[in-house]
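Peer 1: The file below is protein.txt, compact mmCIF, C-alpha atoms and all ligand atoms:
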# COMPACT_ATOMS: atom_id res chain seq x y z
CA MET A 1 117.21 118.74 98.67
CA ARG A 2 114.12 121.01 98.95
CA PRO A 3 112.78 121.60 102.46
CA LEU A 4 109.74 119.49 103.34
CA PHE A 5 106.82 120.82 105.35
CA ILE A 6 104.72 118.25 107.20
CA GLN A 7 101.52 120.09 107.80
CA ASP A 8 98.93 119.86 110.55
CA GLY A 9 99.53 116.34 111.85
CA ARG A 10 99.05 115.09 115.39
CA ILE A 11 102.65 115.18 116.52
CA ILE A 12 103.43 112.58 119.17
CA ASP A 13 106.99 112.56 120.47
CA PRO A 14 107.32 110.76 123.79
CA SER A 15 110.99 111.83 124.04
CA GLN A 16 109.77 115.39 124.62
CA GLY A 17 106.34 114.61 126.10
CA ILE A 18 104.64 116.14 123.04
CA ASP A 19 101.14 115.23 121.83
CA GLU A 20 99.72 118.18 119.88
CA VAL A 21 98.50 119.19 116.44
CA GLY A 22 101.22 121.05 114.57
CA SER A 23 103.67 121.10 111.69
CA LEU A 24 107.32 120.28 111.14
CA LEU A 25 109.83 121.69 108.71
CA ILE A 26 112.69 119.56 107.46
CA SER A 27 115.75 121.16 105.93
CA GLU A 28 119.05 119.57 104.98
CA GLY A 29 118.07 116.23 106.41
CA LYS A 30 117.29 117.60 109.87
CA ILE A 31 114.19 118.72 111.73
CA SER A 32 114.63 122.47 111.56
CA TRP A 33 111.43 123.78 113.06
CA ARG A 34 108.16 122.79 114.81
CA GLY A 35 105.11 125.02 115.25
CA GLU A 36 102.12 126.40 113.38
CA THR A 37 103.18 129.08 110.87
CA PRO A 38 106.37 128.16 109.05
CA PRO A 39 109.29 130.60 108.96
CA GLN A 40 109.68 130.35 105.17
CA ASP A 41 107.55 129.39 102.16
CA ASP A 42 109.77 127.52 99.71
CA TYR A 43 109.13 123.87 100.45
CA ASP A 44 107.28 120.75 99.39
CA VAL A 45 104.28 119.84 101.49
CA LEU A 46 102.97 116.61 102.96
CA ARG A 47 99.52 117.20 104.44
CA ALA A 48 99.13 115.18 107.61
CA GLU A 49 95.66 116.25 108.82
CA GLY A 50 94.19 113.43 110.88
CA LEU A 51 97.45 111.49 110.81
CA ILE A 52 99.99 110.72 113.54
CA VAL A 53 103.45 112.23 113.02
CA CYS A 54 106.08 110.63 115.26
CA PRO A 55 109.79 109.83 115.36
CA GLY A 56 110.81 107.09 112.92
CA PHE A 57 110.53 103.66 114.51
CA ILE A 58 113.70 101.92 115.68
CA ASP A 59 113.91 98.15 115.52
CA PHE A 60 116.50 96.77 117.91
CA HIS A 61 116.22 93.21 116.58
CA CYS A 62 115.80 92.08 112.98
CA HIS A 63 117.35 89.72 110.44
CA LEU A 64 118.47 91.13 107.08
CA ARG A 65 120.11 87.83 106.01
CA GLN A 66 122.93 89.41 104.00
CA PRO A 67 125.57 88.07 103.56
CA GLY A 68 124.77 84.46 102.82
CA PHE A 69 121.00 84.06 102.75
CA GLU A 70 120.05 86.46 100.00
CA GLU A 71 117.23 84.17 98.86
CA LYS A 72 115.46 85.06 102.14
CA GLU A 73 116.24 88.81 102.26
CA THR A 74 118.87 91.36 101.30
CA ILE A 75 119.86 94.64 102.84
CA ALA A 76 118.05 96.32 99.93
CA SER A 77 114.77 94.38 100.24
CA GLY A 78 114.87 94.33 104.04
CA THR A 79 115.38 98.05 104.42
CA GLN A 80 112.64 98.74 101.86
CA ALA A 81 110.33 96.54 103.93
CA ALA A 82 111.46 98.40 107.05
CA ALA A 83 110.61 101.74 105.41
CA ARG A 84 107.13 100.46 104.51
CA GLY A 85 106.71 99.48 108.14
CA GLY A 86 107.71 102.94 109.43
CA PHE A 87 111.19 101.89 110.62
CA THR A 88 114.03 104.33 109.98
CA THR A 89 116.67 102.50 112.04
CA VAL A 90 117.09 98.73 112.12
CA CYS A 91 119.63 96.73 114.12
CA CYS A 92 120.50 93.54 112.27
CA MET A 93 121.38 90.25 113.90
CA PRO A 94 124.65 88.48 113.03
CA ASN A 95 123.27 85.02 112.10
CA THR A 96 124.38 85.49 108.51
CA ASN A 97 126.89 83.43 106.52
CA PRO A 98 129.60 84.22 107.34
CA PRO A 99 128.35 85.44 110.71
CA LEU A 100 129.06 89.05 111.74
CA GLU A 101 131.99 88.15 113.96
CA ASN A 102 134.85 90.38 112.89
CA GLN A 103 135.72 93.83 111.59
CA SER A 104 135.53 92.85 107.91
CA ALA A 105 132.02 91.39 108.25
CA ILE A 106 130.82 94.57 109.96
CA ASP A 107 132.52 96.72 107.32
CA TYR A 108 130.76 94.67 104.64
CA VAL A 109 127.30 95.22 106.16
CA LYS A 110 127.95 98.92 106.63
CA ALA A 111 129.15 99.32 103.04
CA ALA A 112 126.19 97.37 101.63
CA ALA A 113 123.80 99.40 103.79
CA ALA A 114 125.35 102.68 102.61
CA LYS A 115 125.01 101.55 98.99
CA GLU A 116 121.73 99.66 98.94
CA GLY A 117 119.90 100.41 102.18
CA VAL A 118 117.10 102.97 102.35
CA VAL A 119 117.11 103.34 106.14
CA ARG A 120 119.81 103.30 108.84
CA VAL A 121 121.31 99.86 109.50
CA LEU A 122 123.18 99.26 112.76
CA PRO A 123 124.89 95.87 112.97
CA ILE A 124 124.95 93.59 115.99
CA GLY A 125 128.04 91.40 116.35
CA CYS A 126 128.27 87.77 117.48
CA ILE A 127 129.05 86.79 121.06
CA SER A 128 130.86 83.58 120.13
CA LYS A 129 132.92 82.56 117.13
CA GLY A 130 130.70 80.93 114.53
CA ARG A 131 127.80 81.35 117.01
CA LYS A 132 128.89 77.98 118.37
CA GLY A 133 128.88 79.03 121.98
CA GLU A 134 132.45 77.89 122.58
CA GLU A 135 134.88 80.76 122.21
CA LEU A 136 134.28 84.49 122.62
CA VAL A 137 134.68 86.74 119.56
CA GLU A 138 137.11 89.67 119.76
CA MET A 139 134.50 91.88 121.41
CA ALA A 140 136.72 94.97 121.48
CA GLU A 141 137.46 94.65 117.76
CA LEU A 142 133.73 94.52 117.05
CA ALA A 143 133.09 97.54 119.27
CA GLN A 144 135.75 99.38 117.33
CA ALA A 145 134.07 98.32 114.07
CA GLY A 146 130.84 99.92 115.28
CA VAL A 147 128.50 97.17 116.51
CA ILE A 148 125.78 98.40 118.84
CA ALA A 149 125.42 95.11 120.77
CA TYR A 150 126.42 91.44 120.79
CA SER A 151 124.21 88.40 120.26
CA ASP A 152 124.24 84.77 119.10
CA ASP A 153 120.51 85.15 118.39
CA GLY A 154 118.86 82.10 116.95
CA ASN A 155 121.07 80.22 119.43
CA PRO A 156 121.34 80.73 123.17
CA VAL A 157 124.70 81.09 124.90
CA SER A 158 124.51 77.72 126.58
CA SER A 159 127.75 77.94 128.56
CA PRO A 160 127.30 80.03 131.72
CA ARG A 161 131.06 80.56 131.76
CA LEU A 162 131.04 82.11 128.28
CA MET A 163 128.03 84.24 129.16
CA ARG A 164 129.82 85.47 132.26
CA GLN A 165 132.84 86.46 130.18
CA ALA A 166 130.68 88.19 127.58
CA LEU A 167 128.91 90.20 130.28
CA ASP A 168 132.24 91.11 131.88
CA TYR A 169 133.51 92.50 128.58
CA SER A 170 130.20 94.18 127.88
CA ARG A 171 130.58 96.17 131.07
CA ALA A 172 134.01 97.36 130.03
CA LEU A 173 132.89 98.12 126.47
CA GLY A 174 129.58 99.74 127.42
CA LEU A 175 127.51 97.66 124.99
CA PRO A 176 124.64 95.25 125.72
CA VAL A 177 124.76 91.48 125.39
CA ILE A 178 121.49 90.20 123.90
CA ASP A 179 120.60 86.63 124.79
CA HIS A 180 118.16 84.35 123.01
CA CYS A 181 117.10 82.62 126.21
CA GLU A 182 116.51 78.95 125.56
CA GLU A 183 117.67 75.96 127.56
CA THR A 184 118.08 73.53 124.69
CA ALA A 185 118.11 70.52 127.03
CA LEU A 186 114.43 71.36 127.56
CA SER A 187 113.48 72.65 124.10
CA LYS A 188 115.30 70.15 121.87
CA GLY A 189 113.07 68.79 119.13
CA GLY A 190 110.23 71.10 120.23
CA GLN A 191 108.00 72.54 117.54
CA MET A 192 105.51 74.72 119.38
CA ASN A 193 104.41 75.79 122.86
CA GLU A 194 104.07 72.82 125.20
CA GLY A 195 100.52 72.28 126.42
CA ALA A 196 97.19 70.71 125.60
CA LEU A 197 97.33 71.93 122.01
CA SER A 198 100.77 70.47 121.31
CA ALA A 199 99.51 67.17 122.75
CA LYS A 200 96.42 67.29 120.52
CA LEU A 201 98.48 68.10 117.43
CA GLU A 202 101.06 65.50 118.43
CA LEU A 203 103.85 68.04 117.97
CA PRO A 204 106.70 67.99 120.52
CA GLY A 205 106.34 70.96 122.87
CA ILE A 206 108.69 73.69 124.07
CA PRO A 207 107.85 74.41 127.72
CA ALA A 208 107.81 77.95 129.09
CA ALA A 209 110.50 76.70 131.47
CA ALA A 210 112.96 76.32 128.55
CA GLU A 211 112.98 80.12 128.34
CA GLU A 212 112.60 80.88 132.03
CA VAL A 213 115.48 78.66 133.22
CA MET A 214 117.82 80.59 130.92
CA VAL A 215 116.38 83.99 131.84
CA ALA A 216 116.96 83.13 135.51
CA ARG A 217 120.55 82.04 134.85
CA ASP A 218 121.28 85.18 132.86
CA LEU A 219 119.84 87.45 135.54
CA VAL A 220 122.14 85.85 138.09
CA LEU A 221 125.13 86.37 135.79
CA ALA A 222 124.12 89.98 135.09
CA GLN A 223 124.06 90.57 138.84
CA LEU A 224 127.44 88.90 139.26
CA THR A 225 129.15 90.87 136.50
CA GLY A 226 127.33 94.21 136.38
CA GLY A 227 127.25 93.82 132.58
CA HIS A 228 124.28 95.00 130.54
CA LEU A 229 122.07 92.00 129.74
CA HIS A 230 119.28 92.47 127.19
CA ILE A 231 116.76 89.66 126.90
CA ALA A 232 115.48 89.06 123.38
CA HIS A 233 111.88 88.18 122.47
CA VAL A 234 110.44 87.51 125.94
CA SER A 235 107.48 85.17 125.49
CA THR A 236 106.24 83.92 128.86
CA GLU A 237 104.54 85.23 131.98
CA GLY A 238 107.22 83.55 134.10
CA SER A 239 109.99 85.47 132.29
CA VAL A 240 108.17 88.75 132.90
CA ASP A 241 107.98 87.90 136.63
CA LEU A 242 111.68 87.05 136.79
CA ILE A 243 112.69 90.27 134.99
CA ARG A 244 110.40 92.31 137.23
CA ARG A 245 112.04 90.91 140.36
CA ALA A 246 115.54 91.44 138.96
CA LYS A 247 114.76 95.06 138.07
CA GLU A 248 113.41 95.61 141.57
CA LYS A 249 116.79 94.45 142.85
CA GLY A 250 118.53 96.98 140.61
CA ILE A 251 120.16 94.45 138.25
CA LYS A 252 121.19 96.08 134.96
CA ILE A 253 118.88 94.43 132.46
CA THR A 254 116.59 95.40 129.64
CA ALA A 255 114.13 93.31 127.69
CA GLU A 256 112.14 93.28 124.47
CA VAL A 257 108.91 91.74 123.25
CA THR A 258 107.80 91.16 119.67
CA PRO A 259 104.46 92.17 118.11
CA HIS A 260 103.54 88.49 117.62
CA HIS A 261 104.19 87.46 121.20
CA LEU A 262 101.94 90.34 122.33
CA THR A 263 99.03 89.64 120.00
CA LEU A 264 99.04 86.01 118.80
CA THR A 265 98.76 82.67 120.56
CA GLU A 266 99.63 79.03 119.92
CA GLU A 267 96.17 78.67 118.35
CA GLU A 268 97.73 80.02 115.14
CA VAL A 269 99.51 76.66 114.83
CA ASN A 270 96.25 74.73 115.05
CA ASP A 271 96.18 73.82 111.37
CA TYR A 272 99.92 73.12 111.26
CA ASN A 273 100.49 76.58 109.80
CA THR A 274 104.26 76.75 109.40
CA ASN A 275 104.03 80.54 109.12
CA ALA A 276 103.15 80.54 112.83
CA LYS A 277 106.30 78.58 113.71
CA VAL A 278 108.66 80.90 115.50
CA SER A 279 111.34 80.75 118.15
CA PRO A 280 110.42 81.21 120.96
CA PRO A 281 107.00 79.79 120.09
CA LEU A 282 103.69 81.64 120.27
CA ARG A 283 102.31 81.01 123.74
CA THR A 284 98.92 81.59 125.42
CA LYS A 285 96.45 84.43 126.03
CA GLN A 286 97.69 84.57 129.63
CA ASP A 287 101.25 85.13 128.40
CA ASN A 288 100.03 87.88 126.01
CA GLN A 289 98.40 89.64 128.96
CA ALA A 290 101.51 89.36 131.15
CA LEU A 291 103.69 90.75 128.35
CA ILE A 292 101.36 93.71 127.83
CA GLN A 293 101.40 94.32 131.60
CA GLY A 294 105.21 94.08 131.46
CA LEU A 295 105.31 96.84 128.84
CA MET A 296 102.97 99.03 130.89
CA GLU A 297 105.19 98.67 133.97
CA ASN A 298 108.44 99.13 132.02
CA VAL A 299 109.51 95.65 133.03
CA ILE A 300 109.80 95.21 129.26
CA ASP A 301 111.61 98.18 127.80
CA ILE A 302 110.97 97.99 124.09
CA ILE A 303 109.07 96.37 121.26
CA ALA A 304 111.36 94.78 118.64
CA THR A 305 110.11 92.96 115.57
CA ASP A 306 112.51 89.99 115.27
CA HIS A 307 111.71 90.34 111.54
CA ALA A 308 112.78 86.88 110.36
CA PRO A 309 112.15 86.50 106.61
CA HIS A 310 112.36 83.04 105.07
CA ALA A 311 112.11 81.68 101.52
CA GLU A 312 108.96 79.86 100.43
CA ALA A 313 110.71 76.49 100.46
CA ASP A 314 111.69 77.01 104.13
CA LYS A 315 108.01 77.13 105.09
CA GLN A 316 106.22 75.01 102.48
CA CYS A 317 107.15 71.73 104.09
CA GLU A 318 106.32 69.48 106.99
CA PHE A 319 105.94 71.43 110.24
CA ALA A 320 108.95 69.78 111.87
CA LEU A 321 111.20 70.73 108.95
CA ALA A 322 110.01 74.33 108.61
CA ALA A 323 112.26 77.23 109.57
CA SER A 324 111.24 79.40 112.54
CA GLY A 325 110.43 83.04 112.08
CA ILE A 326 107.91 85.65 110.97
CA SER A 327 108.35 88.39 108.37
CA ASN A 328 107.33 91.29 110.51
CA PHE A 329 108.39 94.73 109.32
CA GLU A 330 105.34 95.43 107.20
CA THR A 331 102.69 94.25 109.64
CA ALA A 332 104.26 95.39 112.93
CA LEU A 333 102.38 98.66 113.34
CA GLY A 334 98.99 97.37 112.16
CA ASN A 335 99.32 94.32 114.38
CA LEU A 336 100.38 96.36 117.43
CA MET A 337 97.55 98.84 116.86
CA ARG A 338 95.16 96.07 117.89
CA LEU A 339 96.37 96.68 121.45
CA VAL A 340 95.67 100.40 121.15
CA HIS A 341 92.21 99.95 119.60
CA ASP A 342 91.36 97.37 122.29
CA GLU A 343 92.50 99.90 124.94
CA GLN A 344 95.15 97.57 126.29
CA LEU A 345 98.06 99.90 125.55
CA PRO A 346 98.03 103.72 125.28
CA LEU A 347 99.13 105.06 121.90
CA THR A 348 101.93 107.13 123.42
CA THR A 349 103.31 104.07 125.24
CA LEU A 350 103.30 102.11 122.00
CA ILE A 351 105.17 104.91 120.21
CA ALA A 352 107.69 105.29 123.07
CA LYS A 353 108.44 101.56 122.94
CA LEU A 354 109.23 101.90 119.22
CA THR A 355 111.17 105.18 119.36
CA CYS A 356 112.83 106.83 122.36
CA GLU A 357 113.11 103.62 124.40
CA PRO A 358 115.12 101.67 121.80
CA ALA A 359 117.15 104.87 121.17
CA LYS A 360 118.30 104.61 124.81
CA LEU A 361 119.63 101.10 124.17
CA ILE A 362 121.56 102.38 121.16
CA LYS A 363 122.72 105.28 123.34
CA ASP A 364 122.01 107.87 120.68
CA ASN A 365 120.10 110.95 121.88
CA ASN A 366 119.63 112.08 118.30
CA LEU A 367 117.50 109.07 117.42
CA GLY A 368 113.89 108.41 118.39
CA THR A 369 113.10 112.12 118.77
CA LEU A 370 111.60 115.02 116.81
CA ASN A 371 113.83 117.52 118.58
CA THR A 372 114.97 120.34 116.31
CA GLY A 373 118.46 119.56 115.06
CA ALA A 374 117.87 115.79 115.13
CA PRO A 375 118.02 113.76 111.89
CA ALA A 376 114.66 113.99 110.11
CA ASP A 377 113.62 110.37 110.73
CA ILE A 378 109.83 110.52 110.81
CA THR A 379 106.92 108.11 110.55
CA ILE A 380 103.46 109.26 109.55
CA PHE A 381 100.60 106.84 110.11
CA ASP A 382 96.86 106.56 109.99
CA LEU A 383 95.39 105.21 113.23
CA TYR A 384 92.21 104.00 111.60
CA LYS A 385 92.99 102.96 108.05
CA GLU A 386 92.00 99.33 107.54
CA TRP A 387 93.90 97.08 105.16
CA VAL A 388 94.17 93.40 104.37
CA VAL A 389 97.57 91.76 104.80
CA ASP A 390 98.67 90.40 101.43
CA PRO A 391 102.24 89.10 101.63
CA LYS A 392 102.48 89.22 97.83
CA THR A 393 102.64 93.00 98.13
CA PHE A 394 105.48 92.95 100.72
CA ALA A 395 108.77 94.59 99.81
CA SER A 396 110.37 91.91 102.00
CA LYS A 397 111.36 88.72 100.23
CA GLY A 398 109.94 86.91 103.26
CA LYS A 399 106.22 86.33 102.71
CA ASN A 400 106.05 84.22 105.89
CA THR A 401 103.39 85.67 108.12
CA PRO A 402 100.50 84.08 110.02
CA LEU A 403 98.66 87.39 109.49
CA ALA A 404 98.09 86.81 105.76
CA GLY A 405 94.45 87.66 105.02
CA SER A 406 93.93 89.48 108.35
CA VAL A 407 92.39 92.92 108.41
CA LEU A 408 94.60 95.32 110.35
CA LYS A 409 93.54 98.80 111.47
CA GLY A 410 96.42 101.28 111.41
CA LYS A 411 98.76 101.88 108.50
CA VAL A 412 102.02 103.64 107.78
CA MET A 413 101.37 106.42 105.24
CA ALA A 414 104.87 107.86 104.87
CA THR A 415 108.37 107.27 106.18
CA ILE A 416 111.09 109.90 106.05
CA TYR A 417 114.69 108.97 106.67
CA GLY A 418 117.30 111.71 106.97
CA GLY A 419 114.88 114.08 105.24
CA ASN A 420 114.23 111.73 102.30
CA LEU A 421 110.80 110.31 101.66
CA VAL A 422 111.64 106.60 101.59
CA TYR A 423 108.06 105.33 101.57
CA LYS A 424 104.75 106.92 100.71
CA ASP A 425 101.30 105.34 100.52
CA ASP A 426 99.45 106.20 97.32
CA ALA A 427 96.72 107.91 99.35
CA ILE A 428 99.06 110.67 100.58
CA LYS A 429 100.18 113.34 98.13
CA LEU A 430 103.47 115.20 98.06
CA GLU A 431 102.66 118.73 96.90
CA GLU A 432 105.66 120.30 95.25
CA GLY A 433 105.96 123.95 96.26
O1 LIG B 501 112.03 82.51 114.96
C1 LIG B 501 113.15 82.92 114.95
N1 LIG B 501 113.82 83.10 113.79
N2 LIG B 501 113.79 83.15 116.11
C2 LIG B 501 115.10 83.44 116.17
O2 LIG B 501 115.60 83.63 117.25
C3 LIG B 501 115.91 83.45 114.93
C4 LIG B 501 115.08 83.76 113.76
C5 LIG B 501 115.76 83.53 112.44
O3 LIG B 501 116.92 83.89 112.30
O4 LIG B 501 115.09 83.02 111.52
Could you write out this file's structure as structure tokens?
Peer 2:
Amino acid sequence: MRPLFIQDGRIIDPSQGIDEVGSLLISEGKISWRGETPPQDDYDVLRAEGLIVCPGFIDFHCHLRQPGFEEKETIASGTQAAARGGFTTVCCMPNTNPPLENQSAIDYVKAAAAKEGVVRVLPIGCISKGRKGEELVEMAELAQAGVIAYSDDGNPVSSPRLMRQALDYSRALGLPVIDHCEETALSKGGQMNEGALSAKLELPGIPAAAEEVMVARDLVLAQLTGGHLHIAHVSTEGSVDLIRRAKEKGIKITAEVTPHHLTLTEEEVNDYNTNAKVSPPLRTKQDNQALIQGLMENVIDIIATDHAPHAEADKQCEFALAASGISNFETALGNLMRLVHDEQLPLTTLIAKLTCEPAKLIKDNNLGTLNTGAPADITIFDLYKEWVVDPKTFASKGKNTPLAGSVLKGKVMATIYGGNLVYKDDAIKLEEG
């Protein structure tokens, strides 16, 4: 592989506190040098003038659907979509068929990712057998197989006893337990956020309390056990308040928020748009603001996409029958850049929440950084490039996004994974040296 010189970009690497114009040299899949005048002259060149050069994004929560739901996504299509979105590491949820609940399922995902994936895939294992919430999986076996966390995502862990056990084991195994916080006794049958709009649309509502009751329970259990609890897709102001208070008490918890819960509201559902149906549901402007504030205060640790691709038939139906989820990889950056352009979130905070902060959860110092010697996982993006979201052009099989037709400002121009250029926008040229 010829060395690659990324020339004159604005290098932002929150892991090292760097924000400066400079160049990077990549040799043998690693970042070998950073500075102004390169130490050698036999390389290919990517000119990055005016562009941001940062560590490759890490997504701690996505759905790749393989095995079992290949009509929605595969490891090949999902990782290609990830690359287009600037993600070089994606952690995939176990709600596949069969679910990722034993060594052989994890081995299968790893082998498929090695063969067909274009970016790093790190599997998450189930908490309970069959994701039924009844019996714990062999958590140690899964740790041995290489999972980076446990989750029944899509379903909550309804039994507090099972959650307690999972957190106990997680402490011993040193891996986080990710909960999809939803008290189903409150959310059952719900289609969207509960409020005036759900009443107007005559759709059953999901109250904020359905999430908050479960967040509160989990925080208590995290305190009891000392296990590492990670709260998936936080969507309400009340959850942010609960997590803030728990962190103040020193309880070992982390939390994530998705791009859509930061930027979109229940209004997206106003015309019964099934592409805006997601679990937890889109909430209100006030919730958006609380979530942004939570990121700023590090109450919320990371941004994760919850990329949830679905087939056309899953969404082209009556609202109540539609699947929940948004295909997110390819719009994540452009959507999140709204917060930067509106001066609600500093650019470096946004990048940290997509790079070094999720790397901490994976406990890998070599990820989420442009340190010399680290794998050359790099995202290059244009802060200002405007583009129209056209799901037909997605690499993802999931065309399900409420952002279709929106103009986003901010676009990934190139993604490098382990020194390989895995995505390049036509507007950026690779000059062969
Ligand atoms: O909207 C969602 N879709 N939320 C989840 O928690 C699961 C996901 C899926 O798997 O489609």
Peer 1: Got a sec to check which residues lie within 10 Å of ligand LIG 501 (chain B), using all atoms listed in the file, and send them as a PyMOL selection string?
Peer 2: chain A and resi 61-65+72+93-96+152-156+179-182+232-233+276-282+306-310+323-327
Peer 1: Create the file for the chosen residues now, containing C-alpha atoms and written as a PDB file, in the coordinates of the input.
Peer 2:
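As written to disk, result32.pdb reads:
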ATOM      1  CA  HIS A  61     116.220  93.210 116.580  1.00  0.00           C
ATOM      2  CA  CYS A  62     115.800  92.080 112.980  1.00  0.00           C
ATOM      3  CA  HIS A  63     117.350  89.720 110.440  1.00  0.00           C
ATOM      4  CA  LEU A  64     118.470  91.130 107.080  1.00  0.00           C
ATOM      5  CA  ARG A  65     120.110  87.830 106.010  1.00  0.00           C
ATOM      6  CA  LYS A  72     115.460  85.060 102.140  1.00  0.00           C
ATOM      7  CA  MET A  93     121.380  90.250 113.900  1.00  0.00           C
ATOM      8  CA  PRO A  94     124.650  88.480 113.030  1.00  0.00           C
ATOM      9  CA  ASN A  95     123.270  85.020 112.100  1.00  0.00           C
ATOM     10  CA  THR A  96     124.380  85.490 108.510  1.00  0.00           C
ATOM     11  CA  ASP A 152     124.240  84.770 119.100  1.00  0.00           C
ATOM     12  CA  ASP A 153     120.510  85.150 118.390  1.00  0.00           C
ATOM     13  CA  GLY A 154     118.860  82.100 116.950  1.00  0.00           C
ATOM     14  CA  ASN A 155     121.070  80.220 119.430  1.00  0.00           C
ATOM     15  CA  PRO A 156     121.340  80.730 123.170  1.00  0.00           C
ATOM     16  CA  ASP A 179     120.600  86.630 124.790  1.00  0.00           C
ATOM     17  CA  HIS A 180     118.160  84.350 123.010  1.00  0.00           C
ATOM     18  CA  CYS A 181     117.100  82.620 126.210  1.00  0.00           C
ATOM     19  CA  GLU A 182     116.510  78.950 125.560  1.00  0.00           C
ATOM     20  CA  ALA A 232     115.480  89.060 123.380  1.00  0.00           C
ATOM     21  CA  HIS A 233     111.880  88.180 122.470  1.00  0.00           C
ATOM     22  CA  ALA A 276     103.150  80.540 112.830  1.00  0.00           C
ATOM     23  CA  LYS A 277     106.300  78.580 113.710  1.00  0.00           C
ATOM     24  CA  VAL A 278     108.660  80.900 115.500  1.00  0.00           C
ATOM     25  CA  SER A 279     111.340  80.750 118.150  1.00  0.00           C
ATOM     26  CA  PRO A 280     110.420  81.210 120.960  1.00  0.00           C
ATOM     27  CA  PRO A 281     107.000  79.790 120.090  1.00  0.00           C
ATOM     28  CA  LEU A 282     103.690  81.640 120.270  1.00  0.00           C
ATOM     29  CA  ASP A 306     112.510  89.990 115.270  1.00  0.00           C
ATOM     30  CA  HIS A 307     111.710  90.340 111.540  1.00  0.00           C
ATOM     31  CA  ALA A 308     112.780  86.880 110.360  1.00  0.00           C
ATOM     32  CA  PRO A 309     112.150  86.500 106.610  1.00  0.00           C
ATOM     33  CA  HIS A 310     112.360  83.040 105.070  1.00  0.00           C
ATOM     34  CA  ALA A 323     112.260  77.230 109.570  1.00  0.00           C
ATOM     35  CA  SER A 324     111.240  79.400 112.540  1.00  0.00           C
ATOM     36  CA  GLY A 325     110.430  83.040 112.080  1.00  0.00           C
ATOM     37  CA  ILE A 326     107.910  85.650 110.970  1.00  0.00           C
ATOM     38  CA  SER A 327     108.350  88.390 108.370  1.00  0.00           C
TER      39      SER A 327
END
Peer 1: Can you work out the spacing between atom CA of A:Phe329 and atom CA of A:Glu237 in Å, to one decimal?
Peer 2: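 One can read the atom CA of A:Phe329 to atom CA of A:Glu237 distance as 24.9 Å.
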Peer 1: Find the spatial neighbours of A:Leu403, counting only C-alpha atoms, within a cut-off of 10 Å - ignore same-chain residues fewer than 2 positions away - and output them as a count of residues only.
Peer 2: 20
Peer 1: Might you pull out every residue within 10 Å of A:Ile31, with all atoms listed in the file counted and same-chain residues fewer than 5 positions away left off, and present them as a ChimeraX atom specification?
Peer 2: /A:3-5,24-26,369-378,418-419
Peer 1: With a distance cut-off of 9 Å and only C-alpha atoms, select the neighbouring residues of A:Asn193, excluding the residue or stretch itself and same-chain residues fewer than 5 positions from it, and output the selection as a PyMOL selection string.
Peer 2: chain A and resi 198+204-208+266+280-284
Peer 1: Which residues, written as a compact mmCIF listing (two decimals) with C-alpha atoms, keeping the file's coordinate frame, have at least one atom at most 9 Å from A:Glu116, with all atoms listed in the file counted and residues fewer than 3 positions away on the same chain left out?
Peer 2:
# COMPACT_ATOMS: atom_id res chain seq x y z
CA ILE A 75 119.86 94.64 102.84
CA ALA A 76 118.05 96.32 99.93
CA SER A 77 114.77 94.38 100.24
CA THR A 79 115.38 98.05 104.42
CA ALA A 111 129.15 99.32 103.04
CA ALA A 112 126.19 97.37 101.63
CA ALA A 113 123.80 99.40 103.79
Peer 1: Which residue gives the smallest distance to A:Gly68 among A:Ser170, A:Ala81, A:Glu49, A:Pro99, with all atoms listed in the file counted?
Peer 2: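 Residue with the minimum atom-to-atom distance to A:Gly68: A:Pro99.
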Peer 1: Quote the spacing between atom CA of A:Gly368 and atom CA of A:Asp13 in Å to one decimal place.
Peer 2: 8.3 Å
Peer 1: Identify which of the residues A:Asp271, A:Gly35, A:Lys132, A:Tyr150 lies closest to A:Cys92, counting all atoms listed in the file when measuring atom-to-atom distances.
Peer 2: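 Result for the nearest residue to A:Cys92: A:Tyr150.
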Peer 1: With only C-alpha atoms as the basis for distance, which of A:Ile303, A:Val412, A:Ile362, A:Ala222 is at the shortest distance from A:Val147?
Peer 2: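 The closest residue to A:Val147 is A:Ile362.
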Peer 1: Would you kindly return, as a ChimeraX atom specification, each protein, DNA or RNA residue with an atom no farther than 8 Å from any atom of A:Ala352, considering only C-alpha atoms and excluding same-chain residues fewer than 5 positions away?
Peer 2: /A:13-15,357
Peer 1: For each of A:Ala304, A:Val234, A:Leu197, A:Ala209, take the minimum atom-to-atom distance to A:Tyr272, counting only C-alpha atoms, then give the residue where this is smallest.
Peer 2: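 Closest to A:Tyr272 of all the choices is A:Leu197.
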Peer 1: Which residue gives the smallest distance to A:Pro123 among A:Phe60, A:Trp33, A:Gly174, A:Met163, with only C-alpha atoms counted?
Peer 2: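 Among the listed residues, A:Phe60 lies closest to A:Pro123.
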Peer 1: Mind pulling up the distance from atom CA of A:Pro98 to atom CA of A:Lys129?
Peer 2: 10.5 Å
